[in-house]
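See structure below.
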Amino acid sequence: MARKSLIQREKKKQRLERKYNLLRQSLKKEMSEVSSLDDKLEIYRKLQSLPRNSAPTRLRRRCLKTGRPRANYRDFELSGYIIREMAHACLLAGVTKSSW
């Protein structure tokens, strides 16, 4: 299980990303439409003034159950070993563990 502080930090990043998402998109769209270099530099400075943790690339996909940051499946939003445990317990519909 991940430390609670890491999970809370990730939630804070998600809130920041949602808060500044529209502003970031509008600035990027404006930058693509402007042709003069001075205007582009001014828009770029505005983009840089946004908080770093509001960038979507800083987000980390975590397991919903354990908070584990690695080996996550997007479809289930769970880590691999949690999926394996749930498949063994028949808790995931349509998922069977292969055996031979």
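Every chain in the structure tokens has a letter given in the order shown (A, B, ...), and although residue numbers restart at 1 in each chain, ligands are simply numbered from 1 in the order shown.
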Open item on the list: When you look at A:Ile7 with a cut-off of 9 Å (counting only C-alpha atoms), what residues show up, excluding the ones that are within fewer than 4 positions of it in the same chain? I need them as a ChimeraX atom specification.
Closed with: /A:2-3,11-12,62,67
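If you measure from each of A:Arg45, A:Ile83, A:Val34, A:Ala55 to A:Thr96 using only C-alpha atoms, the closest one turns out to be A:Ile83.
Residue-level DSSP output for chain A, from the backbone, shows strand (DSSP E or B) at Asn72, Tyr73, Leu78 and Ser79 of chain A.
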Open item on the list: I want to know what sits within 12 Å of A:Arg61, based on only C-alpha atoms, with residues of the same chain fewer than 5 positions away left out; could you give that as a PyMOL selection string?
Closed with: chain A and resi 7+10-11+13-14+56+66-79
Open item on the list: With distances taken over only C-alpha atoms, which residue among A:Leu27, A:Leu37, A:Leu47, A:Cys63 lies nearest A:Gly80?
Closed with: A:Cys63
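When only C-alpha atoms are used to compute distances to A:Tyr20, the closest of the residues A:Leu92, A:Leu50, A:Arg60, A:Tyr81 turns out to be A:Leu50.
From atom CA of A:Leu64 back to atom CA of A:Ser99, the distance works out to 27.4 Å.
What separates atom CA of A:Ser26 from atom CA of A:Lys40 is a distance of 13.1 Å.
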TODO: Could you find all residues in stretch 33-95 of chain A that DSSP calls alpha helix (DSSP H) from the backbone, and write them as a VMD selection string?
DONE: chain A and resid 33 37 to 49 80 to 88
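Counting only C-alpha atoms, stretch 29-33 of chain A has the following residues at most 10 Å away, ignoring those fewer than 5 positions along the same chain: Leu23, Arg24, Asp39, Lys40, Leu41, Glu42, Ile43, Tyr44 and Leu47 of chain A.
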Can you write just those residues out, C-alpha atoms, as an mmCIF file, in the first residue's frame?
data_model
loop_
_atom_site.group_PDB
_atom_site.id
_atom_site.type_symbol
_atom_site.label_atom_id
_atom_site.label_comp_id
_atom_site.auth_asym_id
_atom_site.auth_seq_id
_atom_site.Cartn_x
_atom_site.Cartn_y
_atom_site.Cartn_z
ATOM 1 C CA LEU A 23 -6.561 28.162 -19.241
ATOM 2 C CA ARG A 24 -3.695 25.962 -20.442
ATOM 3 C CA ASP A 39 3.317 37.462 -29.119
ATOM 4 C CA LYS A 40 4.322 33.807 -28.917
ATOM 5 C CA LEU A 41 6.971 34.619 -26.319
ATOM 6 C CA GLU A 42 4.427 36.535 -24.250
ATOM 7 C CA ILE A 43 1.995 33.606 -24.352
ATOM 8 C CA TYR A 44 4.836 31.232 -23.512
ATOM 9 C CA LEU A 47 2.178 29.306 -19.754
#
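Atom CA of A:Arg15 is found 19.6 Å from atom CA of A:Lys65.
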